[in-house]
>>> print(open('my_file.txt').read())   # compact mmCIF, C-alpha atoms
# COMPACT_ATOMS: atom_id res chain seq x y z
CA MET A 284 51.06 149.52 95.05
CA LYS A 285 52.14 152.84 96.48
CA LEU A 286 55.33 153.65 94.69
CA CYS A 287 57.79 156.39 95.47
CA VAL A 288 60.09 157.33 92.60
CA LEU A 289 63.16 159.33 93.49
CA VAL A 290 64.08 161.20 90.30
CA SER A 291 67.77 162.03 90.54
CA ASP A 292 68.54 163.27 87.03
CA PHE A 293 67.42 166.06 84.75
CA ARG A 294 67.69 164.13 81.47
CA ASN A 295 66.23 160.85 80.22
CA MET A 296 63.77 160.38 83.04
CA ASP A 297 60.56 160.72 81.09
CA ASP A 298 60.45 157.32 79.43
CA THR A 299 60.82 155.23 82.58
CA LEU A 300 58.50 157.39 84.63
CA SER A 301 55.79 157.29 81.96
CA ARG A 302 55.76 153.51 82.01
CA LEU A 303 55.36 153.04 85.74
CA LYS A 304 51.84 152.31 86.97
CA ALA A 305 50.85 152.44 90.59
CA ASP A 306 47.77 153.00 92.73
CA LYS A 307 49.64 155.94 94.15
CA LEU A 308 52.74 157.29 92.44
CA GLY A 309 54.86 159.81 94.27
CA VAL A 310 57.53 161.68 92.33
CA PHE A 311 60.33 162.98 94.51
CA LEU A 312 62.81 165.31 92.83
CA VAL A 313 66.22 164.89 94.44
CA SER A 314 69.82 165.53 93.40
CA ASN A 315 69.82 166.84 89.81
CA GLY A 316 66.13 165.98 89.56
CA VAL A 317 65.33 169.25 91.34
CA TYR A 318 65.83 171.11 88.05
CA HIS A 319 62.50 169.68 86.88
CA ALA A 320 60.79 171.71 89.60
CA ALA A 321 62.58 174.95 88.97
CA LEU A 322 63.37 175.32 85.28
CA LYS A 323 61.68 175.89 82.00
CA GLU A 324 63.36 174.93 78.75
CA GLY A 325 62.30 176.71 75.61
CA GLY A 326 59.59 178.31 77.69
CA LYS A 327 58.13 174.93 78.66
CA LYS A 328 57.99 173.33 82.07
CA SER A 329 59.27 169.81 82.55
CA SER A 330 56.90 167.05 81.44
CA ILE A 331 57.86 165.20 84.64
CA LEU A 332 55.50 167.57 86.46
CA GLU A 333 52.56 166.01 84.59
CA LYS A 334 53.30 162.47 85.77
CA SER A 335 51.64 162.56 89.15
CA PRO A 336 49.68 164.84 91.44
CA HIS A 337 52.07 163.87 94.23
CA LEU A 338 55.16 165.91 93.49
CA TYR A 339 57.92 166.75 95.95
CA VAL A 340 61.31 168.40 95.81
CA LEU A 341 64.10 167.98 98.35
CA SER A 342 64.77 171.45 99.72
CA GLU A 343 68.41 170.72 100.57
CA ASP A 344 69.17 169.77 96.96
CA LEU A 345 67.12 172.67 95.59
CA GLU A 346 68.87 175.29 97.69
CA SER A 347 72.35 173.83 97.20
CA ARG A 348 71.81 174.41 93.46
CA GLY A 349 70.85 178.04 93.93
CA PHE A 350 67.07 177.87 93.87
CA SER A 351 64.58 178.90 96.50
CA GLU A 352 61.16 177.49 97.25
CA SER A 353 59.56 180.56 95.71
CA GLU A 354 60.98 179.57 92.31
CA ILE A 355 59.50 176.11 92.03
CA ASP A 356 56.35 175.10 90.23
CA THR A 357 53.33 175.50 92.49
CA ARG A 358 52.37 171.85 92.03
CA VAL A 359 55.56 170.74 93.78
CA ARG A 360 55.84 170.58 97.55
CA SER A 361 59.22 171.27 99.12
CA ILE A 362 60.28 168.78 101.79
CA THR A 363 63.37 168.17 103.90
CA TYR A 364 65.12 164.84 104.50
CA SER A 365 62.99 164.50 107.60
CA GLY A 366 59.82 164.98 105.57
CA LEU A 367 61.11 162.47 103.02
CA VAL A 368 61.57 159.83 105.73
CA ASP A 369 58.02 160.35 106.97
CA LEU A 370 56.58 160.05 103.49
CA LEU A 371 58.63 156.96 102.65
CA PHE A 372 57.49 155.11 105.74
CA ASN A 373 53.93 156.40 106.06
CA GLU A 374 52.65 156.96 102.53
CA TYR A 375 54.58 154.61 100.23
CA GLU A 376 55.43 150.91 100.21
CA LYS A 377 58.16 150.65 97.61
CA ILE A 378 60.92 153.00 96.54
CA ILE A 379 62.91 153.27 93.35
CA TRP A 380 65.74 155.59 92.40
CA ILE A 381 66.09 156.60 88.76
CA MET B 174 58.47 130.56 106.87
CA ALA B 175 58.33 133.52 104.54
CA THR B 176 59.38 134.34 101.02
CA LYS B 177 60.25 137.87 100.04
CA LYS B 178 60.27 138.73 96.39
CA LEU B 179 62.79 141.18 95.01
CA SER B 180 62.59 142.61 91.49
CA PHE B 181 65.91 143.47 89.91
CA ILE B 182 65.10 145.87 87.06
CA VAL B 183 67.98 146.53 84.69
CA LYS B 184 67.83 149.74 82.63
CA SER B 185 71.55 150.36 82.26
CA LEU B 186 73.72 149.51 79.32
CA PRO B 187 76.50 147.01 80.00
CA TYR B 188 80.25 147.52 80.40
CA LYS B 189 80.73 151.28 80.57
CA THR B 190 79.42 151.00 84.12
CA GLU B 191 79.14 147.91 86.27
CA ALA B 192 75.50 148.52 87.21
CA SER B 193 74.00 145.72 85.14
CA ARG B 194 76.73 143.26 86.12
CA LEU B 195 76.10 143.98 89.77
CA ALA B 196 72.36 143.52 89.22
CA LEU B 197 73.04 140.01 87.97
CA THR B 198 75.57 139.06 90.62
CA HIS B 199 73.32 140.35 93.38
CA ALA B 200 70.33 138.45 91.98
CA ILE B 201 72.42 135.28 91.75
CA ALA B 202 73.45 135.78 95.39
CA SER B 203 69.90 134.77 96.28
CA GLN B 204 71.21 131.22 96.03
CA THR B 205 73.14 131.57 99.28
CA VAL B 206 71.08 134.11 101.22
CA GLU B 207 69.54 131.41 103.41
CA ILE B 208 72.68 131.30 105.56
CA TYR B 209 71.48 134.61 107.01
CA LEU B 210 67.78 133.72 107.31
CA GLU B 211 65.60 131.58 109.53
CA ASP B 212 64.86 128.04 108.34
CA GLY B 213 62.38 128.05 105.51
CA ASP B 214 62.71 131.76 104.76
CA MET B 215 63.65 132.59 101.18
CA VAL B 216 64.36 135.42 98.80
CA GLU B 217 62.80 135.04 95.36
CA PRO B 218 64.53 137.20 92.74
CA VAL B 219 63.06 138.27 89.42
CA LEU B 220 65.34 139.79 86.79
CA ALA B 221 63.81 142.11 84.22
CA PHE B 222 65.52 144.05 81.45
CA MET B 223 63.85 147.19 80.13
CA GLY B 224 64.77 150.27 78.11
CA ASP B 225 68.43 150.27 77.12
CA GLY B 226 68.85 147.38 79.54
CA VAL B 227 67.57 144.86 76.97
CA LEU B 228 70.91 145.31 75.19
CA ASN B 229 72.57 143.37 78.03
CA CYS B 230 70.80 140.36 76.54
CA LEU B 231 72.52 140.35 73.14
CA LYS B 232 74.29 137.15 72.20
CA ASP B 233 77.91 136.78 71.14
CA GLN B 234 79.45 139.14 73.64
CA THR B 235 83.22 138.80 73.70
CA ALA B 236 84.09 140.81 76.80
CA MET B 237 86.14 137.98 78.30
CA ASN B 238 88.47 137.78 75.32
CA LEU B 239 88.81 141.52 74.91
CA TYR B 240 88.63 142.91 78.46
CA GLY B 241 89.14 139.86 80.64
CA VAL B 242 85.77 140.27 82.33
CA THR B 243 82.92 137.82 82.46
CA SER B 244 80.39 138.92 79.91
CA LEU B 245 76.83 139.90 80.75
CA GLU B 246 75.87 137.04 78.44
CA GLN B 247 77.59 134.60 80.77
CA HIS B 248 76.03 136.18 83.85
CA ILE B 249 72.57 135.91 82.29
CA LYS B 250 73.21 132.29 81.40
CA ASN B 251 74.34 131.64 84.97
CA SER B 252 71.08 133.17 86.18
CA LEU B 253 69.09 130.86 83.92
CA LEU B 254 71.17 127.88 85.01
CA LEU B 255 70.15 128.69 88.57
CA ASP B 256 66.49 128.89 87.49
CA LEU B 257 66.07 132.61 88.07
CA LYS B 258 63.11 134.18 86.27
CA VAL B 259 64.43 136.41 83.49
CA ILE B 260 62.11 138.72 81.54
CA ILE B 261 63.10 140.90 78.59
CA CYS B 262 60.80 143.79 77.70
CA LYS B 263 59.07 143.11 74.38
CA GLU B 264 58.43 146.74 73.50
CA ASP B 265 62.08 147.65 73.96
CA VAL B 266 63.30 144.63 72.01
CA GLU B 267 61.06 145.73 69.14
CA LYS B 268 62.12 149.36 69.50
CA PHE B 269 65.72 148.32 68.80
CA GLY B 270 64.62 146.15 65.88
CA LEU B 271 65.86 142.99 67.57
CA SER B 272 64.52 139.50 67.16
CA GLU B 273 64.52 136.64 69.64
CA ASP B 274 67.35 135.04 67.68
CA ALA B 275 69.67 137.89 68.65
CA LEU B 276 69.03 137.48 72.37
CA ILE B 277 70.14 135.12 75.12
CA MET B 278 67.04 133.03 75.72
CA ASP B 279 68.46 129.96 77.39
CA ALA B 280 71.51 128.38 79.00
CA GLU B 281 71.23 124.99 77.33
CA ASP B 282 74.90 124.98 76.39
CA ILE B 283 75.79 124.92 80.09
CA GLY B 284 73.03 122.54 81.14
CA GLY B 285 70.35 125.04 82.08
CA GLU B 286 66.67 124.23 81.67
CA THR B 287 65.02 127.56 82.43
CA LYS B 288 64.39 129.92 79.55
CA ALA B 289 64.16 133.69 79.46
CA SER B 290 60.94 135.22 78.22
CA ILE B 291 60.24 138.25 76.08
CA ALA B 292 57.15 139.82 77.56
CA PRO B 293 55.24 143.11 77.42
CA PHE B 294 56.18 145.74 79.98
CA SER B 295 52.82 145.14 81.61
CA GLU B 296 54.15 141.74 82.72
CA ILE B 297 57.21 143.38 84.23
CA MET B 298 54.89 145.80 85.98
CA LYS B 299 52.94 142.84 87.42
CA GLU B 300 56.17 141.38 88.80
CA MET B 301 57.01 144.73 90.36
CA ASP B 302 53.54 144.98 91.82
CA SER B 303 53.82 141.57 93.47
CA SER B 304 57.36 142.18 94.74
CA ASP B 305 58.18 143.24 98.25
CA HIS B 306 61.02 145.51 97.16
CA LEU B 307 62.30 146.97 93.89
CA LEU B 308 65.92 147.44 92.88
CA PHE B 309 66.56 149.49 89.76
CA PHE B 310 69.98 149.31 88.12
CA MET C 27 60.01 151.56 114.67
CA ALA C 28 60.99 150.37 111.20
CA LYS C 29 64.08 149.41 109.22
CA LEU C 30 65.35 151.07 106.06
CA THR C 31 67.87 149.18 103.97
CA ILE C 32 69.90 151.32 101.59
CA GLY C 33 72.04 149.68 98.93
CA ILE C 34 74.34 152.01 97.04
CA PHE C 35 76.93 151.72 94.28
CA SER C 36 77.87 155.38 93.82
CA SER C 37 81.43 156.64 94.14
CA LEU C 38 82.72 158.33 97.27
CA VAL C 39 83.42 162.04 96.63
CA GLY C 40 82.90 161.63 92.88
CA SER C 41 79.14 161.70 93.33
CA LEU C 42 76.95 163.26 95.99
CA SER C 43 74.58 160.29 95.85
CA LEU C 44 76.46 158.71 98.76
CA ASP C 45 76.00 161.94 100.71
CA PHE C 46 72.28 161.77 99.97
CA ALA C 47 72.15 158.24 101.33
CA VAL C 48 74.05 159.20 104.49
CA LYS C 49 71.83 162.22 105.10
CA LEU C 50 68.72 160.10 104.59
CA SER C 51 70.11 157.61 107.10
CA GLN C 52 70.68 160.42 109.61
CA ALA C 53 67.10 161.62 109.16
CA ALA C 54 65.70 158.10 109.48
CA ILE C 55 67.65 157.38 112.68
CA LYS C 56 66.62 160.70 114.16
CA LYS C 57 63.02 159.55 113.67
CA GLY C 58 63.75 156.35 115.57
CA HIS C 59 64.18 153.98 112.65
CA SER C 60 67.17 151.73 112.04
CA VAL C 61 69.24 151.64 108.87
CA ASP C 62 71.24 148.93 107.13
CA PHE C 63 73.69 150.47 104.66
CA TRP C 64 75.14 148.23 101.95
CA LEU C 65 78.12 149.39 99.91
CA SER C 66 78.84 147.74 96.59
CA GLY C 67 80.79 148.68 93.49
CA ASN C 68 82.46 152.06 93.75
CA ALA C 69 80.65 152.82 97.00
CA THR C 70 83.02 150.41 98.76
CA MET C 71 85.43 153.35 98.80
CA LEU C 72 83.43 154.60 101.77
CA SER C 73 84.51 151.55 103.76
CA LYS C 74 88.16 152.52 103.59
CA LYS C 75 89.68 154.08 106.70
CA GLY C 76 91.94 157.10 106.67
CA GLN C 77 89.75 159.38 104.57
CA ARG C 78 90.86 162.98 104.88
CA SER C 79 88.47 165.82 105.16
CA PHE C 80 89.00 168.83 102.89
CA LYS C 81 86.68 171.78 102.48
CA ASP C 82 86.18 171.27 98.75
CA TYR C 83 85.36 167.58 99.05
CA SER C 84 82.49 165.77 100.67
CA ALA C 85 83.69 163.94 103.78
CA LEU C 86 81.65 161.04 105.01
CA GLN C 87 83.89 159.07 107.37
CA LYS C 88 82.97 161.18 110.40
CA PRO C 89 79.18 161.20 109.74
CA VAL C 90 79.33 157.43 109.28
CA GLN C 91 81.21 157.00 112.58
CA GLU C 92 78.57 159.14 114.28
CA LEU C 93 75.80 157.03 112.78
CA LEU C 94 77.53 153.87 114.02
CA ALA C 95 77.65 155.34 117.51
CA THR C 96 73.83 155.55 117.58
CA GLY C 97 73.63 151.75 117.60
CA LYS C 98 70.86 151.89 114.99
CA PHE C 99 73.09 151.87 111.93
CA GLN C 100 74.93 149.01 110.28
CA ILE C 101 77.28 149.54 107.37
CA THR C 102 78.53 146.62 105.32
CA ALA C 103 80.75 146.58 102.26
CA CYS C 104 80.75 143.98 99.51
CA GLU C 105 83.91 142.02 100.10
CA ALA C 106 84.48 141.14 96.44
CA CYS C 107 83.93 144.73 95.25
CA ALA C 108 86.29 146.04 97.91
CA GLU C 109 89.03 143.48 97.27
CA ALA C 110 88.83 144.07 93.51
CA ARG C 111 89.64 147.70 94.26
CA GLY C 112 92.54 146.84 96.54
CA PHE C 113 90.71 147.52 99.81
CA HIS C 114 91.56 144.71 102.19
CA LYS C 115 90.18 143.82 105.60
CA GLU C 116 92.92 145.76 107.36
CA ASP C 117 92.01 148.88 105.34
CA THR C 118 88.42 148.86 106.54
CA MET C 119 87.00 151.63 108.70
CA GLU C 120 86.22 150.61 112.28
CA GLY C 121 82.64 149.47 112.59
CA CYS C 122 82.23 148.67 108.92
CA LYS C 123 81.61 145.02 108.17
CA ARG C 124 82.40 143.10 105.00
CA HIS C 125 80.24 140.36 103.54
CA SER C 126 79.23 138.82 100.25
CA MET C 127 76.24 140.06 98.25
CA ASP C 128 73.81 137.68 99.89
CA TRP C 129 74.07 139.82 103.05
CA TYR C 130 72.30 142.62 101.20
CA LEU C 131 69.50 140.35 100.09
CA ALA C 132 69.06 139.15 103.67
CA SER C 133 68.90 142.76 104.82
CA CYS C 134 66.22 143.43 102.19
CA PHE C 135 64.31 140.39 103.46
CA SER C 136 63.83 141.95 106.88
CA ALA C 137 63.56 145.59 105.79
CA ASP C 138 60.39 147.62 105.88
CA ARG C 139 61.64 149.81 103.07
CA VAL C 140 64.49 149.33 100.59
CA LEU C 141 66.17 152.12 98.67
CA HIS C 142 68.58 150.90 96.04
CA ILE C 143 70.82 153.48 94.37
CA GLY C 144 72.37 151.46 91.59
CA GLY C 145 74.96 153.77 90.07
CA ASP C 146 76.46 157.24 90.22
>>> encode(input="my_file.txt", output="structure tokens")
Amino acid sequence: MKLCVLVSDFRNMDDTLSRLKADKLGVFLVSNGVYHAALKEGGKKSSILEKSPHLYVLSEDLESRGFSESEIDTRVRSITYSGLVDLLFNEYEKIIWI
Amino acid sequence: MATKKLSFIVKSLPYKTEASRLALTHAIASQTVEIYLEDGDMVEPVLAFMGDGVLNCLKDQTAMNLYGVTSLEQHIKNSLLLDLKVIICKEDVEKFGLSEDALIMDAEDIGGETKASIAPFSEIMKEMDSSDHLLFF
Amino acid sequence: MAKLTIGIFSSLVGSLSLDFAVKLSQAAIKKGHSVDFWLSGNATMLSKKGQRSFKDYSALQKPVQELLATGKFQITACEACAEARGFHKEDTMEGCKRHSMDWYLASCFSADRVLHIGGD
């Protein structure tokens, strides 16, 4: 299946995400999940960024929290709500929010 | 005639929030969904408990006596009474050091015949894979 | 085009998850899709009329009314969840329906995509 996971929190996301298996797994960082794209803790980047090659961050949530696109990990692609809609309908079959 | 399968995946702990209760009541609502559908169309729900969510399945909950709310235990038994498929993640049960004896596995005391199953997460993943839509709680 | 069903339990104002869902609905409708929006649990607060808009608080009544005006958006509140919170039929925002939980499952049946936001 092509599964889109909307990661909405900064803590306690790793366990669930690690267990999910899909033919294509898209990780979309939204709400407080955007911190995974922008922050290091103890000098280390978030392990969420290792979960999939398909990584996205919602620009509206990123910028509302004081980050710019230039500050996010280079593996993560910034998208708008419009881009999110296109990806949900064109590239993924199922969606979950964690 | 079509059947759409919905997986209700419960990760939340009970009581502090209503998320897991609403998962159960929504899944049980599959019993009356046909009033909105064409003849022969159906919704097939699967309920799975994973992570902290397996703790919804502990026996001997006394929420009704203490808080005046129907316990998750009763909701799970109602689900089994209505023959919903209920799966409890084996790895998470073991992680918490629980045995089958501590969990709600059937609804025999209220006349239910369907039993819950404790199964590896890979089985839950299979249910998710074969579902049309996924609802995480 | 396609249908997106969104089911949400998050609190009005107390969480921006409802705002996310409304903004996603706006984006989907702009692309020509239709949206069914199901409110359950604390999200039933959004079904209540008479919400006041203040600068420091998210205000969703007007965006929801605008979405309704497109004709491609349906918003339905869980009747039991609303009543338990003291929101009665006469308190409901114009255009917002009320049904039991099976309505949501029926919406999922005919949806092309389902996004369920099951908590704050």
>>> residues_around(input="my_file.txt", residues="stretch 218-221 of chain B", least_positions_apart="3", cutoff="10 Å", atoms="all atoms listed in the file", output="number ranges by chain")
B: 177-184, 196-197, 199-204, 215, 226-227, 249, 252, 257-262, 289-292, 294, 296-298, 300-301, 304, 307-309; C: 131
>>> atom_distance(input="my_file.txt", atom1="atom CA of C:Leu94", atom2="atom CA of A:Leu371")
22.3 Å
>>> closest_residue(input="my_file.txt", among="A:Leu367, A:Val317, A:Leu289, A:Leu338", to="C:Leu50", atoms="only C-alpha atoms")
A:Leu367
>>> interface_residues(input="my_file.txt", of="chain A", to="chain B", cutoff="9 Å", atoms="all atoms listed in the file", output="PyMOL selection string")
chain A and resi 284+298-299+302-305+376-381
>>> interface_residues(input="my_file.txt", of="chain C", to="chain A", cutoff="8 Å", atoms="only C-alpha atoms", output="number ranges by chain")
C: 42-43, 46, 49-50, 53-54, 57, 139-144
>>> residues_around(input="my_file.txt", residues="A:Arg294", least_positions_apart="5", cutoff="12 Å", atoms="all atoms listed in the file", output="PDB file with C-alpha atoms, in the frame of the given file")
ATOM      1  CA  THR A 299      60.820 155.230  82.580  1.00  0.00           C
ATOM      2  CA  LEU A 300      58.500 157.390  84.630  1.00  0.00           C
ATOM      3  CA  ASN A 315      69.820 166.840  89.810  1.00  0.00           C
ATOM      4  CA  GLY A 316      66.130 165.980  89.560  1.00  0.00           C
ATOM      5  CA  VAL A 317      65.330 169.250  91.340  1.00  0.00           C
ATOM      6  CA  TYR A 318      65.830 171.110  88.050  1.00  0.00           C
ATOM      7  CA  HIS A 319      62.500 169.680  86.880  1.00  0.00           C
ATOM      8  CA  GLU A 324      63.360 174.930  78.750  1.00  0.00           C
ATOM      9  CA  SER A 329      59.270 169.810  82.550  1.00  0.00           C
ATOM     10  CA  SER A 330      56.900 167.050  81.440  1.00  0.00           C
ATOM     11  CA  ILE A 331      57.860 165.200  84.640  1.00  0.00           C
ATOM     12  CA  ILE A 381      66.090 156.600  88.760  1.00  0.00           C
TER      13      ILE A 381
END
>>> atom_distance(input="my_file.txt", atom1="atom CA of A:Val288", atom2="atom CA of C:Trp64")
19.9 Å
>>> closest_residue(input="my_file.txt", among="B:Cys230, B:Met174, B:Leu245, B:Ala236", to="B:Arg194", atoms="only C-alpha atoms")
B:Leu245
>>> decode(input="my_file.txt", residues="stretch 38-68 of chain C", atoms="N, CA and C atoms", output="JSON list (two decimals), in the first residue's frame")
[["chain", "number", "residue", "atom", "x", "y", "z"],
["C", 38, "LEU", "N", -12.09, 22.73, 19.63],
["C", 38, "LEU", "CA", -12.12, 24.05, 18.98],
["C", 38, "LEU", "C", -11.32, 25.03, 19.82],
["C", 39, "VAL", "N", -10.47, 25.79, 19.23],
["C", 39, "VAL", "CA", -9.63, 26.82, 19.87],
["C", 39, "VAL", "C", -8.52, 26.19, 20.71],
["C", 40, "GLY", "N", -8.82, 25.19, 21.48],
["C", 40, "GLY", "CA", -7.82, 24.58, 22.35],
["C", 40, "GLY", "C", -6.72, 23.84, 21.63],
["C", 41, "SER", "N", -6.95, 23.55, 20.36],
["C", 41, "SER", "CA", -5.96, 22.85, 19.55],
["C", 41, "SER", "C", -6.05, 23.42, 18.15],
["C", 42, "LEU", "N", -4.94, 23.54, 17.46],
["C", 42, "LEU", "CA", -4.98, 24.01, 16.08],
["C", 42, "LEU", "C", -5.20, 22.87, 15.09],
["C", 43, "SER", "N", -5.45, 21.67, 15.60],
["C", 43, "SER", "CA", -5.68, 20.55, 14.68],
["C", 43, "SER", "C", -6.95, 20.77, 13.86],
["C", 44, "LEU", "N", -7.97, 21.38, 14.49],
["C", 44, "LEU", "CA", -9.19, 21.69, 13.74],
["C", 44, "LEU", "C", -8.89, 22.71, 12.63],
["C", 45, "ASP", "N", -8.05, 23.66, 12.93],
["C", 45, "ASP", "CA", -7.66, 24.65, 11.92],
["C", 45, "ASP", "C", -6.95, 23.97, 10.76],
["C", 46, "PHE", "N", -6.09, 23.02, 11.08],
["C", 46, "PHE", "CA", -5.41, 22.25, 10.04],
["C", 46, "PHE", "C", -6.44, 21.59, 9.13],
["C", 47, "ALA", "N", -7.43, 20.96, 9.75],
["C", 47, "ALA", "CA", -8.43, 20.22, 8.98],
["C", 47, "ALA", "C", -9.25, 21.17, 8.09],
["C", 48, "VAL", "N", -9.55, 22.34, 8.62],
["C", 48, "VAL", "CA", -10.31, 23.32, 7.83],
["C", 48, "VAL", "C", -9.47, 23.84, 6.67],
["C", 49, "LYS", "N", -8.22, 24.12, 6.94],
["C", 49, "LYS", "CA", -7.33, 24.61, 5.87],
["C", 49, "LYS", "C", -7.12, 23.54, 4.80],
["C", 50, "LEU", "N", -7.02, 22.30, 5.22],
["C", 50, "LEU", "CA", -6.87, 21.21, 4.25],
["C", 50, "LEU", "C", -8.13, 21.10, 3.38],
["C", 51, "SER", "N", -9.27, 21.28, 4.03],
["C", 51, "SER", "CA", -10.54, 21.26, 3.30],
["C", 51, "SER", "C", -10.58, 22.38, 2.27],
["C", 52, "GLN", "N", -10.15, 23.56, 2.66],
["C", 52, "GLN", "CA", -10.12, 24.71, 1.74],
["C", 52, "GLN", "C", -9.25, 24.38, 0.53],
["C", 53, "ALA", "N", -8.08, 23.80, 0.80],
["C", 53, "ALA", "CA", -7.15, 23.49, -0.29],
["C", 53, "ALA", "C", -7.73, 22.41, -1.20],
["C", 54, "ALA", "N", -8.40, 21.44, -0.61],
["C", 54, "ALA", "CA", -8.97, 20.35, -1.41],
["C", 54, "ALA", "C", -10.10, 20.86, -2.31],
["C", 55, "ILE", "N", -10.94, 21.73, -1.75],
["C", 55, "ILE", "CA", -12.07, 22.27, -2.52],
["C", 55, "ILE", "C", -11.57, 23.18, -3.63],
["C", 56, "LYS", "N", -10.53, 23.91, -3.35],
["C", 56, "LYS", "CA", -9.94, 24.79, -4.37],
["C", 56, "LYS", "C", -9.44, 23.98, -5.56],
["C", 57, "LYS", "N", -9.04, 22.74, -5.28],
["C", 57, "LYS", "CA", -8.55, 21.85, -6.34],
["C", 57, "LYS", "C", -9.70, 21.13, -7.04],
["C", 58, "GLY", "N", -10.92, 21.37, -6.59],
["C", 58, "GLY", "CA", -12.07, 20.76, -7.25],
["C", 58, "GLY", "C", -12.61, 19.51, -6.58],
["C", 59, "HIS", "N", -12.02, 19.14, -5.45],
["C", 59, "HIS", "CA", -12.52, 17.97, -4.73],
["C", 59, "HIS", "C", -13.68, 18.36, -3.82],
["C", 60, "SER", "N", -14.37, 17.36, -3.29],
["C", 60, "SER", "CA", -15.39, 17.64, -2.28],
["C", 60, "SER", "C", -14.91, 17.10, -0.93],
["C", 61, "VAL", "N", -15.47, 17.65, 0.13],
["C", 61, "VAL", "CA", -15.04, 17.26, 1.47],
["C", 61, "VAL", "C", -16.25, 16.99, 2.36],
["C", 62, "ASP", "N", -16.23, 15.86, 3.03],
["C", 62, "ASP", "CA", -17.15, 15.58, 4.13],
["C", 62, "ASP", "C", -16.37, 15.77, 5.43],
["C", 63, "PHE", "N", -16.94, 16.52, 6.36],
["C", 63, "PHE", "CA", -16.22, 16.88, 7.59],
["C", 63, "PHE", "C", -17.05, 16.39, 8.76],
["C", 64, "TRP", "N", -16.51, 15.42, 9.50],
["C", 64, "TRP", "CA", -17.24, 14.82, 10.62],
["C", 64, "TRP", "C", -16.65, 15.29, 11.93],
["C", 65, "LEU", "N", -17.49, 15.83, 12.79],
["C", 65, "LEU", "CA", -17.06, 16.32, 14.09],
["C", 65, "LEU", "C", -17.54, 15.37, 15.17],
["C", 66, "SER", "N", -16.59, 14.89, 15.98],
["C", 66, "SER", "CA", -16.98, 14.02, 17.09],
["C", 66, "SER", "C", -16.19, 14.44, 18.31],
["C", 67, "GLY", "N", -16.62, 13.99, 19.48],
["C", 67, "GLY", "CA", -15.90, 14.35, 20.70],
["C", 67, "GLY", "C", -15.86, 15.86, 20.87],
["C", 68, "ASN", "N", -14.73, 16.37, 21.30],
["C", 68, "ASN", "CA", -14.60, 17.81, 21.54],
["C", 68, "ASN", "C", -14.74, 18.66, 20.29]]
